[in-house]
Each structure stands twice: as C-alpha cells, then as structure tokens.
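*Asks:* Next comes coords03.txt, compact mmCIF, C-alpha atoms:
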```
# COMPACT_ATOMS: atom_id res chain seq x y z
CA MET A 1 0.00 0.00 0.00
CA CYS A 2 2.91 2.36 0.78
CA VAL A 3 4.30 1.86 -2.70
CA GLN A 4 0.94 2.53 -4.32
CA LYS A 5 0.46 5.70 -2.25
CA ALA A 6 3.94 6.95 -3.10
CA SER A 7 3.30 6.24 -6.78
CA GLN A 8 0.06 8.22 -6.69
CA GLU A 9 1.75 11.18 -5.01
CA ALA A 10 4.59 11.13 -7.55
CA LYS A 11 2.06 11.10 -10.37
CA GLN A 12 0.31 14.16 -8.92
CA ARG A 13 3.65 15.98 -8.81
CA GLY A 14 4.30 15.12 -12.47
CA GLN A 15 7.09 12.71 -11.63
CA LEU A 16 7.63 9.14 -12.75
CA SER A 17 5.11 6.98 -10.96
CA SER A 18 5.70 3.48 -12.33
CA TYR A 19 7.09 0.77 -10.13
CA VAL A 20 8.01 -2.89 -10.39
CA PRO A 21 7.99 -5.50 -7.69
CA LEU A 22 11.37 -6.64 -6.42
CA ILE A 23 12.00 -10.37 -6.34
CA ASN A 24 13.17 -11.51 -2.94
CA LYS A 25 15.64 -14.24 -3.80
CA SER A 26 16.17 -15.15 -0.16
CA ILE A 27 12.86 -17.02 -0.08
CA CYS A 28 11.51 -19.81 -2.29
CA ALA A 29 9.43 -18.40 -5.14
CA ARG A 30 6.92 -21.26 -4.70
CA CYS A 31 6.50 -21.96 -0.98
CA ASN A 32 8.09 -18.80 0.52
CA THR A 33 10.49 -20.86 2.65
CA TYR A 34 13.58 -18.89 3.65
CA ILE A 35 16.56 -20.21 1.71
CA GLY A 36 19.07 -17.38 2.12
CA SER A 37 22.33 -18.39 0.47
CA SER A 38 21.70 -22.11 0.79
CA SER A 39 23.70 -24.21 -1.64
CA ASP A 40 20.68 -26.50 -2.09
CA ALA A 41 18.63 -23.72 -3.67
CA VAL A 42 17.75 -24.15 -7.35
CA GLN A 43 17.94 -21.21 -9.76
CA ILE A 44 15.43 -21.33 -12.64
CA GLY A 45 15.47 -18.19 -14.73
CA ASN A 46 15.34 -15.21 -12.38
CA LEU A 47 13.67 -17.18 -9.61
CA ARG A 48 15.12 -19.26 -6.76
CA PHE A 49 13.46 -22.29 -5.28
CA CYS A 50 14.15 -24.40 -2.23
CA ALA A 51 15.57 -27.91 -2.51
CA ALA A 52 12.07 -29.40 -2.27
CA CYS A 53 10.35 -27.16 -4.83
CA GLY A 54 13.20 -26.89 -7.34
CA PRO A 55 12.91 -30.40 -8.80
CA LEU A 56 9.11 -30.10 -8.91
CA ILE A 57 9.30 -26.94 -11.01
CA LYS A 58 12.16 -28.17 -13.16
CA ASP A 59 10.54 -31.52 -13.95
CA TRP A 60 6.96 -30.35 -13.89
CA ASP A 61 4.69 -33.02 -15.35
CA TYR A 62 1.97 -31.31 -17.37
CA PRO A 63 -1.48 -32.92 -17.41
CA GLN A 64 -2.10 -35.46 -20.16
CA TRP A 65 -4.97 -33.43 -21.63
CA LEU A 66 -2.66 -30.44 -21.99
CA LYS A 67 0.00 -32.53 -23.73
CA VAL A 68 -2.58 -33.92 -26.15
CA SER A 69 -3.96 -30.44 -26.80
CA LEU A 70 -0.51 -29.07 -27.54
CA ALA A 71 0.25 -31.96 -29.89
CA ALA A 72 -3.04 -31.41 -31.72
CA LEU A 73 -2.36 -27.69 -31.94
CA LEU A 74 1.07 -28.30 -33.43
CA LEU A 75 -0.43 -30.72 -35.96
CA LEU A 76 -3.04 -28.16 -36.98
CA LEU A 77 -0.31 -25.55 -37.31
CA VAL A 78 1.70 -27.80 -39.63
CA VAL A 79 -1.39 -28.51 -41.77
CA ALA A 80 -2.26 -24.81 -41.89
CA LEU A 81 1.26 -23.89 -42.97
CA ALA A 82 1.27 -26.55 -45.68
CA HIS A 83 -2.15 -25.46 -46.91
CA GLY A 84 -1.28 -21.78 -46.66
CA ARG A 85 1.90 -22.24 -48.69
CA THR A 86 -0.23 -22.99 -51.75
CA TYR A 87 -2.20 -19.78 -51.37
CA PHE A 88 0.92 -17.82 -50.59
CA HIS A 89 2.31 -19.04 -53.92
CA ALA A 90 -0.92 -18.03 -55.68
CA GLY A 91 -0.81 -14.60 -54.08
CA ARG A 92 2.79 -14.09 -55.11
CA GLU A 93 2.04 -15.14 -58.69
CA MET A 94 -0.88 -12.71 -58.89
CA TYR A 95 1.25 -9.90 -57.46
CA VAL A 96 3.93 -10.50 -60.11
CA GLY A 97 1.33 -10.83 -62.86
CA GLU A 98 -0.49 -7.66 -61.85
CA ARG A 99 2.76 -5.70 -61.74
CA LEU A 100 3.70 -6.90 -65.23
CA VAL A 101 0.24 -5.97 -66.55
CA LYS A 102 0.67 -2.45 -65.17
CA GLN A 103 4.00 -2.28 -66.99
CA GLY A 104 2.34 -3.33 -70.25
CA ARG A 105 4.26 -6.63 -70.33
CA TYR A 106 1.17 -8.70 -71.02
CA ALA A 107 2.81 -11.78 -72.55
CA GLU A 108 5.10 -12.09 -69.52
CA ALA A 109 2.23 -11.55 -67.10
CA LEU A 110 -0.06 -14.22 -68.52
CA PRO A 111 1.81 -17.35 -67.25
CA HIS A 112 1.84 -15.94 -63.70
CA LEU A 113 -1.88 -15.19 -63.83
CA LYS A 114 -2.66 -18.63 -65.25
CA GLU A 115 -0.75 -20.15 -62.34
CA THR A 116 -2.80 -18.05 -59.93
CA LEU A 117 -6.05 -19.29 -61.46
CA ARG A 118 -4.86 -22.87 -61.26
CA THR A 119 -4.64 -22.53 -57.48
CA ALA A 120 -7.38 -19.97 -56.88
CA PRO A 121 -9.90 -20.35 -59.73
CA GLN A 122 -12.54 -18.36 -57.83
CA SER A 123 -10.49 -15.16 -57.79
CA ASP A 124 -12.31 -12.41 -59.71
CA LYS A 125 -9.20 -10.26 -59.79
CA ALA A 126 -6.95 -12.99 -61.18
CA ALA A 127 -9.50 -13.92 -63.86
CA LEU A 128 -9.91 -10.31 -64.97
CA LEU A 129 -6.17 -9.69 -65.05
CA ALA A 130 -5.58 -12.89 -67.03
CA ALA A 131 -8.33 -12.01 -69.51
CA LYS A 132 -6.98 -8.49 -69.92
CA ALA A 133 -3.42 -9.68 -70.53
CA ALA A 134 -4.64 -12.30 -73.01
CA LEU A 135 -6.85 -9.90 -74.95
CA LEU A 136 -4.08 -7.34 -75.22
CA ILE A 137 -1.80 -9.86 -76.93
CA GLY A 138 -4.53 -11.21 -79.19
CA ASP A 139 -5.06 -14.47 -77.28
CA VAL A 140 -8.84 -14.57 -77.35
CA ASP A 141 -9.06 -18.29 -76.50
CA THR A 142 -7.22 -17.83 -73.20
CA ALA A 143 -9.32 -14.76 -72.41
CA ASP A 144 -12.46 -16.79 -73.08
CA LYS A 145 -11.33 -19.51 -70.66
CA ALA A 146 -10.42 -16.95 -68.01
CA LEU A 147 -13.77 -15.16 -68.25
CA HIS A 148 -16.29 -17.89 -68.94
CA GLY A 149 -14.42 -20.57 -67.03
CA HIS A 150 -14.69 -18.41 -63.91
CA ASN A 151 -17.87 -19.24 -61.99
CA GLY A 152 -19.66 -19.79 -65.28
CA GLY A 153 -18.85 -16.26 -66.37
CA TYR A 154 -20.26 -14.71 -63.18
CA PHE A 155 -18.34 -11.95 -61.41
CA GLU A 156 -19.25 -10.56 -58.02
CA ASP A 157 -19.30 -6.89 -59.03
CA ALA A 158 -19.92 -6.10 -62.69
CA ASN A 159 -19.82 -2.38 -61.94
CA LYS A 160 -16.14 -2.35 -61.06
CA PRO A 161 -13.94 -0.37 -63.48
CA GLU A 162 -11.70 -3.42 -63.87
CA PHE A 163 -14.62 -5.53 -65.05
CA LYS A 164 -15.90 -2.85 -67.41
CA GLU A 165 -12.44 -2.42 -68.92
CA VAL A 166 -12.10 -6.14 -69.65
CA ASN A 167 -15.69 -6.36 -70.85
CA ASP A 168 -15.04 -3.54 -73.34
CA LEU A 169 -11.91 -5.32 -74.57
CA TRP A 170 -13.85 -8.56 -74.92
CA THR A 171 -16.66 -6.86 -76.84
CA ARG A 172 -14.17 -5.19 -79.18
CA ALA A 173 -12.27 -8.44 -79.79
CA THR A 174 -15.32 -10.60 -80.39
CA GLY A 175 -16.86 -7.93 -82.61
CA ALA A 176 -13.73 -7.93 -84.76
CA LEU A 177 -13.70 -11.72 -84.97
CA GLU A 178 -17.35 -11.70 -85.99
CA LYS A 179 -16.55 -9.30 -88.83
CA ALA A 180 -13.62 -11.50 -89.84
CA GLY A 181 -15.94 -14.49 -90.00
CA GLN A 182 -18.37 -12.57 -92.17
CA ALA A 183 -15.52 -11.49 -94.43
CA ALA A 184 -14.40 -15.10 -94.81
CA LYS A 185 -17.89 -16.10 -95.93
CA LEU A 186 -18.06 -13.23 -98.43
CA ALA A 187 -14.65 -14.15 -99.85
CA GLN A 188 -16.07 -17.51 -100.88
CA GLN A 189 -18.72 -15.84 -103.02
CA ASP A 190 -18.03 -14.68 -106.57
CA GLY A 191 -17.90 -10.93 -106.95
CA LYS A 192 -17.66 -10.27 -103.20
CA GLU A 193 -13.89 -9.95 -103.01
CA ILE A 194 -13.81 -6.17 -102.53
CA GLU A 195 -16.56 -6.23 -99.92
CA ALA A 196 -14.79 -9.04 -98.10
CA ALA A 197 -11.52 -7.08 -98.05
CA GLN A 198 -13.26 -4.00 -96.67
CA LEU A 199 -14.89 -6.01 -93.90
CA MET A 200 -11.61 -7.70 -93.01
CA HIS A 201 -9.91 -4.31 -92.79
CA ALA A 202 -12.66 -3.18 -90.41
CA ALA A 203 -11.98 -6.27 -88.29
CA ALA A 204 -8.23 -5.56 -88.23
CA ALA A 205 -8.82 -1.92 -87.28
CA GLY A 206 -11.20 -2.94 -84.52
CA TYR A 207 -8.79 -5.35 -82.90
CA PRO A 208 -5.19 -4.48 -83.84
CA GLU A 209 -3.89 -6.61 -80.96
CA LEU A 210 -4.43 -9.65 -83.22
CA PRO A 211 -1.86 -9.25 -86.04
CA SER A 212 -3.30 -12.11 -88.07
CA LEU A 213 -6.33 -9.96 -88.87
CA ALA A 214 -4.13 -7.37 -90.58
CA PHE A 215 -2.36 -10.14 -92.48
CA ALA A 216 -5.71 -11.57 -93.56
CA ALA A 217 -6.82 -8.12 -94.70
CA GLU A 218 -3.79 -7.95 -97.01
CA VAL A 219 -4.63 -11.39 -98.37
CA TYR A 220 -8.13 -10.20 -99.12
CA ASP A 221 -6.69 -7.06 -100.73
CA ALA A 222 -4.73 -9.31 -103.05
CA GLY A 223 -7.91 -11.20 -103.90
CA ALA A 224 -9.76 -7.95 -104.56
CA ALA A 225 -6.92 -6.71 -106.79
CA PHE A 226 -6.99 -9.95 -108.75
CA ALA A 227 -10.76 -9.65 -109.15
CA ARG A 228 -10.29 -6.12 -110.50
CA LYS A 229 -7.59 -7.49 -112.81
CA ASP A 230 -5.08 -5.20 -111.13
CA TYR A 231 -2.32 -7.76 -111.41
CA ASP A 232 0.45 -5.32 -110.52
CA MET A 233 -1.21 -4.64 -107.17
CA PHE A 234 -1.85 -8.35 -106.72
CA LEU A 235 1.83 -9.15 -107.28
CA ALA A 236 3.00 -6.27 -105.05
CA ILE A 237 0.85 -7.47 -102.15
CA SER A 238 1.88 -11.07 -102.67
CA LYS A 239 5.56 -10.15 -102.81
CA LYS A 240 5.24 -8.12 -99.61
CA GLN A 241 3.62 -11.01 -97.78
CA TRP A 242 6.16 -13.51 -99.04
CA SER A 243 9.00 -11.30 -97.79
CA GLU A 244 7.38 -10.81 -94.38
CA HIS A 245 6.15 -14.37 -93.97
CA PRO A 246 8.29 -16.66 -96.13
CA ALA A 247 7.01 -20.17 -96.58
CA PRO A 248 9.18 -22.97 -95.13
CA GLY A 249 11.90 -24.03 -97.55
CA THR A 250 11.76 -20.84 -99.64
```
Turn the structure described in the file into structure tokens.
*Replies:*
Amino acid sequence: MCVQKASQEAKQRGQLSSYVPLINKSICARCNTYIGSSSDAVQIGNLRFCAACGPLIKDWDYPQWLKVSLAALLLLLVVALAHGRTYFHAGREMYVGERLVKQGRYAEALPHLKETLRTAPQSDKAALLAAKAALLIGDVDTADKALHGHNGGYFEDANKPEFKEVNDLWTRATGALEKAGQAAKLAQQDGKEIEAAQLMHAAAAGYPELPSLAFAAEVYDAGAAFARKDYDMFLAISKKQWSEHPAPGT
C-alpha cells in the first residue's frame, strides 16, 4: 500500500510513478520458505526455489490433456502452414502478374496469372487480369477460358472499373472476330472480293492486338486486286507477304 500511495503522489507531482515489484531471492518463489544463500537452492530463470520445490518446477509433469492439446495444436499448425503455402504461392504469382500488366508486359504476365487461377480459380481479380493480358496480346481463347471458365462467367461486381475495362476489350475483340468471320464467308462468293476485303480491314482496325487480322486483310486485298484485274497490285501485295512471312523451304 505504501508503494501505491507513493506512486500516486509522484504522479500528482508530475514525476515518474511506475514501479516494479522486487524479487526476494532469499525465499523460495513457490513456498516462501527462507533459503538465504543455501547451496541447495535451485535457480530457474530469475527465480530461486528451495531444494524441495526446485525439482518439482524443473521436472513439472503437465497434465495429459494439456500434452494432447498441444500436440493437436502443433499438428493443426503444420497442416495450416502446408495449406497456406499454396495460397501464398498463388498470391505471389498474382502480385507478379499484376505488376507486369501495369508495366504493359502482357505476354510475360499471362503465365503468372494462369498459375494463380490454377490454385485460386474463384479469384475475380486474377480472372480479370488474365483475360486483360490475353486480350491485349490477341489471345482470345485464353481470355475466353479466363472469363467464362470463372464461376460460369459470373463476377461478383460487374460495376467495377476493372470488369468494365475487360468487358469492353472482350466486346471489341469478339466484334472484330465476328466481322472477320463474315468477311471469310463473303470471300467464298463470286464478286464479293472487294466487300470481303473492306470487312476484313474493319476487323483488323477494330482489334489491332491480333496481327493475323491485318495479315488476312492484305490477303483479301490481293484477292480484290486480282478480281479487278489489277495484277500489278496483286503481285506487289503477294511479294510483300512472301517477304514478311516466307514459306518454309523458300
């Protein structure tokens, strides 16, 4: 009580008022028996125990239920760490993939994001990032798997800017592919070569991330030139394509 009163008075005077109890090492910390400087006393940490209490504390036999509980807790900890390692790996892969996407390195980002989805297929963020990276390198098939393979195409919040961005990319890409399909059908019809070329150019302009559309547009230009009997243009286009994309063995 004296210590507490002195502490309160010191606090009122604006002085340090904290205090700590002093350990009396001349008595046993367990049974309070006076041990003084006895050579039989046992030192455990900062505490001293008499000859009778020392062995009890040192070799304390914990209850069986406590031992079992500790063993079970350790087992659960090991399982949790093993299970958590998988998700830690997925989180790291998504972090790397997202950083690469922000840097515009979409082709490098895609493998990391695919790995994330392999472990955490329910992740909206990973699916959207993977679809975005795929669409921006012209890989529509991978984008399709990332979007429609994710909860059946369902995303938790379709109003998020990230979702709208990817949805706009998807709409632009699929619209271009639809035009390309229409152009291919027209090209098979007599007298439709020019119209087919125009439609293929529209497809290439709508989705420039897919270089094969631009190449196809040039092919259709060659067909249109041939239909117009503009053989010089036909040969010029053909020569350009051969130089850019030589056939094997030529």
*Asks:* Interatomic distance between atom CA of Asn151 of chain A and atom CA of Gln122 of chain A?
*Replies:* 6.8 Å
*Asks:* Would you list the residues near (-9.8, -6.2, -97.4) (no more than 12 Å away, in the coordinates of the file, using all atoms listed in the file) as a PyMOL selection string?
*Replies:* chain A and resi 179-180+182-184+186-187+192-205+213-225+237
*Asks:* Out of A:Ala158, A:Ala176, A:Leu56, A:Ala107, which residue has the shortest atom-to-atom distance to Leu128 of chain A when counting only C-alpha atoms?
*Replies:*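 Of all the options, A:Ala158 lies closest to Leu128 of chain A.
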*Asks:* So the first atom is atom CA of Asn167 of chain A and the second is atom CA of His148 of chain A; what is the distance between them in Å, to one decimal place?
*Replies:*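 If I compute the distance from atom CA of Asn167 of chain A to atom CA of His148 of chain A, I get 11.7 Å.
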*Asks:* If we count only C-alpha atoms and set the cut-off at 10 Å, which residues sit around Ile35 of chain A, ignoring sequence neighbours fewer than 5 positions away in its own chain? Please answer as a list in words.
*Replies:* Lys25, Ser26, Ile27, Cys28, Asp40, Ala41, Val42, Arg48, Phe49, Cys50 and Ala51 of chain A
*Asks:* Put the listed atoms of segment 133-151 of chain A in a box along x, y and z with 8 Å added on every side and give me the centre and edge lengths in Å to one decimal, as AutoDock Vina command-line options.
*Replies:*
```
--center_x -9.8 --center_y -14.0 --center_z -70.6 --size_x 32.1 --size_y 29.2 --size_z 33.2
```
*Asks:* Counting all atoms listed in the file, which of A:Gly149, A:Pro161, A:Gly191, A:Gly138 gets nearest to Leu177 of chain A?
*Replies:*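 Between A:Gly149, A:Pro161, A:Gly191, A:Gly138, the residue approaching Leu177 of chain A most closely is A:Gly138.
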*Asks:* Would you work out the distance separating atom CA of Phe88 of chain A from atom CA of Gln103 of chain A, expressed in Å to one decimal?
*Replies:*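 Atom CA of Phe88 of chain A sits 22.8 Å away from atom CA of Gln103 of chain A.
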*Asks:* Quick one: residues within 10 Å of Tyr106 of chain A, all atoms listed in the file counted, chain neighbours fewer than 2 positions away excluded, as a list in words?
*Replies:*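 Selected residues are Gly97, Glu98, Arg99, Leu100, Val101, Lys102, Gln103, Gly104, Glu108, Ala109, Leu110, Pro111, Leu129, Ala130, Lys132, Ala133, Ala134, Leu135, Leu136 and Ile137 of chain A.
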*Asks:* Write out as a compact mmCIF listing (two decimals) with C-alpha atoms, in the coordinates of the input each polymer residue whose atoms come within 9 Å of Pro121 of chain A, counting all atoms listed in the file; drop sequence neighbours fewer than 2 positions from it.
*Replies:*
```txt
# COMPACT_ATOMS: atom_id res chain seq x y z
CA THR A 116 -2.80 -18.05 -59.93
CA LEU A 117 -6.05 -19.29 -61.46
CA ARG A 118 -4.86 -22.87 -61.26
CA THR A 119 -4.64 -22.53 -57.48
CA SER A 123 -10.49 -15.16 -57.79
CA ASP A 124 -12.31 -12.41 -59.71
CA ALA A 126 -6.95 -12.99 -61.18
CA ALA A 127 -9.50 -13.92 -63.86
CA ALA A 146 -10.42 -16.95 -68.01
CA GLY A 149 -14.42 -20.57 -67.03
CA HIS A 150 -14.69 -18.41 -63.91
CA ASN A 151 -17.87 -19.24 -61.99
```
*Asks:* When distances are computed from only C-alpha atoms, which of A:Asn46, A:Asp139, A:Ala131, A:Asp144 shows the smallest separation from Phe163 of chain A?
*Replies:*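 Between A:Asn46, A:Asp139, A:Ala131, A:Asp144, the residue approaching Phe163 of chain A most closely is A:Ala131.
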